[in-house]
$ cat query_31.csv   # CSV, C-alpha atoms
chain,number,residue,atom,x,y,z
J,1,MET,CA,153.9,29.5,-85.8
J,2,ASN,CA,151.5,26.6,-85.9
J,3,TRP,CA,151.6,23.9,-83.2
J,4,THR,CA,150.1,20.8,-84.8
J,5,LEU,CA,149.2,17.7,-83.0
J,6,GLU,CA,150.6,15.0,-85.3
J,7,VAL,CA,151.3,11.8,-83.3
J,8,VAL,CA,149.7,10.4,-80.1
J,9,PRO,CA,151.3,7.5,-78.4
J,10,VAL,CA,148.9,4.6,-77.5
J,11,PRO,CA,150.1,2.1,-74.9
J,12,VAL,CA,149.4,-1.5,-75.9
J,13,SER,CA,150.5,-4.9,-74.6
J,14,ASP,CA,150.6,-6.7,-77.9
J,15,MET,CA,151.9,-4.7,-80.9
J,16,ASP,CA,150.7,-7.2,-83.5
J,17,ARG,CA,147.2,-7.6,-82.0
J,18,ALA,CA,146.9,-3.8,-81.8
J,19,LYS,CA,148.1,-3.4,-85.4
J,20,ASP,CA,145.5,-5.9,-86.5
J,21,PHE,CA,142.8,-4.1,-84.6
J,22,TYR,CA,143.6,-0.5,-85.8
J,23,ALA,CA,144.5,-1.4,-89.4
J,24,GLY,CA,142.0,-4.3,-89.9
J,25,LYS,CA,139.0,-3.3,-87.9
J,26,ALA,CA,139.2,0.4,-87.1
J,27,GLY,CA,140.3,1.2,-90.7
J,28,PHE,CA,143.4,3.2,-89.8
J,29,LYS,CA,146.1,3.4,-92.5
J,30,LEU,CA,149.4,1.6,-91.6
J,31,ASP,CA,152.1,4.2,-92.1
J,32,LEU,CA,155.1,2.5,-90.5
J,33,ASP,CA,156.0,-0.8,-88.8
J,34,ASP,CA,159.8,-0.6,-88.2
J,35,GLN,CA,162.4,-1.9,-85.9
J,36,VAL,CA,164.4,1.3,-85.4
J,37,ALA,CA,167.1,-0.4,-83.3
J,38,PRO,CA,167.5,-3.9,-81.8
J,39,GLY,CA,164.5,-4.5,-79.6
J,40,MET,CA,162.9,-1.2,-80.5
J,41,ARG,CA,159.8,-1.2,-82.7
J,42,ILE,CA,157.4,1.6,-83.8
J,43,ILE,CA,154.0,1.1,-85.5
J,44,GLN,CA,152.4,4.2,-86.7
J,45,LEU,CA,148.8,4.4,-88.1
J,46,THR,CA,146.6,7.2,-89.2
J,47,PRO,CA,142.7,7.4,-89.1
J,48,PRO,CA,141.3,7.9,-92.6
J,49,GLY,CA,141.6,11.6,-93.6
J,50,SER,CA,143.4,12.6,-90.4
J,51,ARG,CA,146.5,14.7,-90.1
J,52,CYS,CA,147.3,13.1,-86.7
J,53,SER,CA,148.5,9.6,-86.3
J,54,ILE,CA,148.9,7.2,-83.4
J,55,ALA,CA,152.1,5.4,-82.5
J,56,MET,CA,152.6,2.2,-80.6
J,57,LEU,CA,156.1,1.8,-79.2
J,58,HIS,CA,157.9,-1.2,-77.9
J,59,GLY,CA,161.4,-1.1,-76.3
J,60,MET,CA,161.7,2.6,-76.7
J,61,PRO,CA,163.2,4.5,-73.7
J,62,PRO,CA,160.8,7.1,-72.4
J,63,PHE,CA,161.6,10.8,-73.1
J,64,PRO,CA,163.4,12.3,-70.1
J,65,GLY,CA,160.8,13.3,-67.5
J,66,GLU,CA,158.0,11.3,-69.3
J,67,LYS,CA,155.8,9.0,-67.2
J,68,PRO,CA,155.0,5.7,-68.9
J,69,MET,CA,151.4,4.8,-69.5
J,70,ALA,CA,150.1,1.3,-68.9
J,71,PRO,CA,148.3,-0.5,-71.7
J,72,GLY,CA,144.6,0.5,-71.7
J,73,THR,CA,145.0,3.7,-69.7
J,74,LEU,CA,144.6,6.1,-72.6
J,75,GLN,CA,141.0,7.3,-72.6
J,76,GLY,CA,138.9,9.9,-74.5
J,77,LEU,CA,140.9,10.3,-77.7
J,78,GLN,CA,138.4,11.9,-80.1
J,79,ILE,CA,137.9,11.4,-83.8
J,80,CYS,CA,135.4,13.4,-85.9
J,81,VAL,CA,133.3,12.0,-88.8
J,82,THR,CA,130.7,13.7,-90.9
J,83,ASP,CA,128.3,10.7,-90.9
J,84,ILE,CA,128.2,9.0,-87.5
J,85,GLU,CA,125.7,6.4,-88.5
J,86,ALA,CA,127.8,5.3,-91.5
J,87,ALA,CA,130.9,5.2,-89.3
J,88,ARG,CA,129.1,3.1,-86.7
J,89,GLU,CA,127.9,0.7,-89.4
J,90,GLU,CA,131.5,0.4,-90.8
J,91,LEU,CA,133.1,-0.3,-87.4
J,92,ALA,CA,130.4,-2.8,-86.4
J,93,ALA,CA,130.6,-4.6,-89.7
J,94,LYS,CA,134.4,-5.1,-89.1
J,95,GLY,CA,133.8,-6.6,-85.7
J,96,VAL,CA,134.4,-3.6,-83.5
J,97,ASP,CA,132.3,-3.5,-80.3
J,98,VAL,CA,131.0,0.0,-80.7
J,99,SER,CA,128.5,1.8,-78.5
J,100,PRO,CA,125.1,3.0,-79.6
J,101,ILE,CA,125.0,6.6,-80.9
J,102,ARG,CA,124.3,9.0,-78.0
J,103,HIS,CA,123.9,12.7,-77.4
J,104,VAL,CA,123.9,14.9,-74.3
J,105,GLY,CA,120.3,15.7,-73.4
J,106,ALA,CA,118.3,17.2,-70.5
J,107,THR,CA,119.0,14.1,-68.3
J,108,GLY,CA,122.6,13.4,-69.4
J,109,TRP,CA,123.6,10.9,-72.0
J,110,GLU,CA,120.6,9.8,-74.1
J,111,GLU,CA,120.5,7.3,-77.0
J,112,GLY,CA,120.1,8.6,-80.5
J,113,LYS,CA,121.6,11.5,-82.5
J,114,GLY,CA,121.6,15.0,-81.2
J,115,ASP,CA,121.9,18.4,-82.8
J,116,THR,CA,125.0,19.7,-84.6
J,117,TRP,CA,128.2,18.6,-82.7
J,118,ASN,CA,126.1,16.5,-80.3
J,119,SER,CA,126.3,12.9,-81.6
J,120,PHE,CA,128.8,10.5,-80.2
J,121,MET,CA,129.8,6.8,-80.0
J,122,THR,CA,132.6,5.0,-78.3
J,123,PHE,CA,134.8,2.0,-78.8
J,124,ALA,CA,138.0,0.5,-77.3
J,125,ASP,CA,141.0,-1.3,-78.6
J,126,PRO,CA,141.9,-4.8,-77.3
J,127,ASP,CA,143.8,-3.3,-74.3
J,128,GLY,CA,140.9,-1.0,-73.3
J,129,ASN,CA,142.2,2.3,-74.7
J,130,GLY,CA,139.0,4.2,-75.2
J,131,TRP,CA,138.0,6.3,-78.2
J,132,VAL,CA,135.2,8.8,-78.7
J,133,VAL,CA,133.8,9.4,-82.2
J,134,GLN,CA,131.9,12.7,-82.7
J,135,GLU,CA,129.8,13.8,-85.6
J,136,ALA,CA,131.0,17.1,-87.1
J,137,PRO,CA,128.9,19.2,-89.5
J,138,SER,CA,131.6,19.2,-92.2
J,139,GLU,CA,135.2,18.2,-93.0
J,140,LEU,CA,137.9,20.0,-91.0
J,141,SER,CA,139.1,21.7,-94.1
J,142,ALA,CA,135.7,23.3,-94.6
J,143,ARG,CA,135.3,24.7,-91.1

$ encode --input "query_31.csv" --output "structure tokens"
Amino acid sequence: MNWTLEVVPVPVSDMDRAKDFYAGKAGFKLDLDDQVAPGMRIIQLTPPGSRCSIAMLHGMPPFPGEKPMAPGTLQGLQICVTDIEAAREELAAKGVDVSPIRHVGATGWEEGKGDTWNSFMTFADPDGNGWVVQEAPSELSAR
């Protein structure tokens, strides 16, 4: 049996502002924006080429035993791309405040690309939820 990660909830304070950021600036595909019940809204978006989506929820009761996350507290979600320089240029051109490309070197984080699997950049959504982008040597289907 496969256990596939398919949806990650992202806590945001303003659904429309977050939708504009993820769809308009980060380039995620808008899959769903629906009011599932009075006062309950779900927005689901998917990064280009990904099989895992993000979901922003408003008015939904938490699952039993689930602890709610405050907007901006989700950190370290990682996306892989095969060309980190092109991905950085695309995000920056759309107005995303994206970090320089960095790698782990002898003294810790150093600017510039590293070897295979060792090139990263970061960005955050308007609430401060933090994302890491890593360069992968090939598409997931080829690994």

$ residues_around --input "query_31.csv" --residues "J:Val133" --least-positions-apart "3" --cutoff "9 Å" --atoms "only C-alpha atoms" --output "number ranges by chain"
J: 77-81, 84, 87, 119-123

$ closest_residue --input "query_31.csv" --among "J:Thr4, J:Ser13, J:Ser50, J:Gln44" --to "J:Asp125" --atoms "only C-alpha atoms"
J:Ser13

$ residues_near_point --input "query_31.csv" --point "(132.7, -1.8, -84.1)" --cutoff "9 Å" --atoms "only C-alpha atoms" --output "short mmCIF file (atom, residue, chain, number, x, y, z; two decimals) with C-alpha atoms, in the coordinates of the input"
data_model
loop_
_atom_site.label_atom_id
_atom_site.label_comp_id
_atom_site.auth_asym_id
_atom_site.auth_seq_id
_atom_site.Cartn_x
_atom_site.Cartn_y
_atom_site.Cartn_z
CA LYS J 25 139.00 -3.30 -87.90
CA ALA J 26 139.20 0.40 -87.10
CA ALA J 87 130.90 5.20 -89.30
CA ARG J 88 129.10 3.10 -86.70
CA GLU J 89 127.90 0.70 -89.40
CA GLU J 90 131.50 0.40 -90.80
CA LEU J 91 133.10 -0.30 -87.40
CA ALA J 92 130.40 -2.80 -86.40
CA ALA J 93 130.60 -4.60 -89.70
CA LYS J 94 134.40 -5.10 -89.10
CA GLY J 95 133.80 -6.60 -85.70
CA VAL J 96 134.40 -3.60 -83.50
CA ASP J 97 132.30 -3.50 -80.30
CA VAL J 98 131.00 0.00 -80.70
CA SER J 99 128.50 1.80 -78.50
CA THR J 122 132.60 5.00 -78.30
CA PHE J 123 134.80 2.00 -78.80
CA ALA J 124 138.00 0.50 -77.30
#

$ residues_around --input "query_31.csv" --residues "J:Gly128" --least-positions-apart "4" --cutoff "12 Å" --atoms "all atoms listed in the file" --output "ChimeraX atom specification"
/J:10-13,18,21,70-76,97,122-124

$ write_last_selection --input "query_31.csv" --atoms "C-alpha atoms" --output "PDB file, keeping the file's coordinate frame"
ATOM      1  CA  VAL J  10     148.900   4.600 -77.500  1.00  0.00           C
ATOM      2  CA  PRO J  11     150.100   2.100 -74.900  1.00  0.00           C
ATOM      3  CA  VAL J  12     149.400  -1.500 -75.900  1.00  0.00           C
ATOM      4  CA  SER J  13     150.500  -4.900 -74.600  1.00  0.00           C
ATOM      5  CA  ALA J  18     146.900  -3.800 -81.800  1.00  0.00           C
ATOM      6  CA  PHE J  21     142.800  -4.100 -84.600  1.00  0.00           C
ATOM      7  CA  ALA J  70     150.100   1.300 -68.900  1.00  0.00           C
ATOM      8  CA  PRO J  71     148.300  -0.500 -71.700  1.00  0.00           C
ATOM      9  CA  GLY J  72     144.600   0.500 -71.700  1.00  0.00           C
ATOM     10  CA  THR J  73     145.000   3.700 -69.700  1.00  0.00           C
ATOM     11  CA  LEU J  74     144.600   6.100 -72.600  1.00  0.00           C
ATOM     12  CA  GLN J  75     141.000   7.300 -72.600  1.00  0.00           C
ATOM     13  CA  GLY J  76     138.900   9.900 -74.500  1.00  0.00           C
ATOM     14  CA  ASP J  97     132.300  -3.500 -80.300  1.00  0.00           C
ATOM     15  CA  THR J 122     132.600   5.000 -78.300  1.00  0.00           C
ATOM     16  CA  PHE J 123     134.800   2.000 -78.800  1.00  0.00           C
ATOM     17  CA  ALA J 124     138.000   0.500 -77.300  1.00  0.00           C
TER      18      ALA J 124
END

$ residues_around --input "query_31.csv" --residues "J:Asp115" --least-positions-apart "3" --cutoff "12 Å" --atoms "all atoms listed in the file" --output "list in words"
Arg102, His103, Val104, Gly105, Gly112, Asn118, Ser119, Phe120, Gln134, Glu135, Ala136 and Pro137 of chain J

$ atom_distance --input "query_31.csv" --atom1 "atom CA of J:Ser141" --atom2 "atom CA of J:Glu85"
21.1 Å

$ atom_distance --input "query_31.csv" --atom1 "atom CA of J:Ala55" --atom2 "atom CA of J:Val8"
6.0 Å

$ atom_distance --input "query_31.csv" --atom1 "atom CA of J:Pro38" --atom2 "atom CA of J:Asp20"
22.6 Å

$ closest_residue --input "query_31.csv" --among "J:Pro126, J:Pro100, J:Gly59, J:Gly24" --to "J:Arg41" --atoms "all atoms listed in the file"
J:Gly59
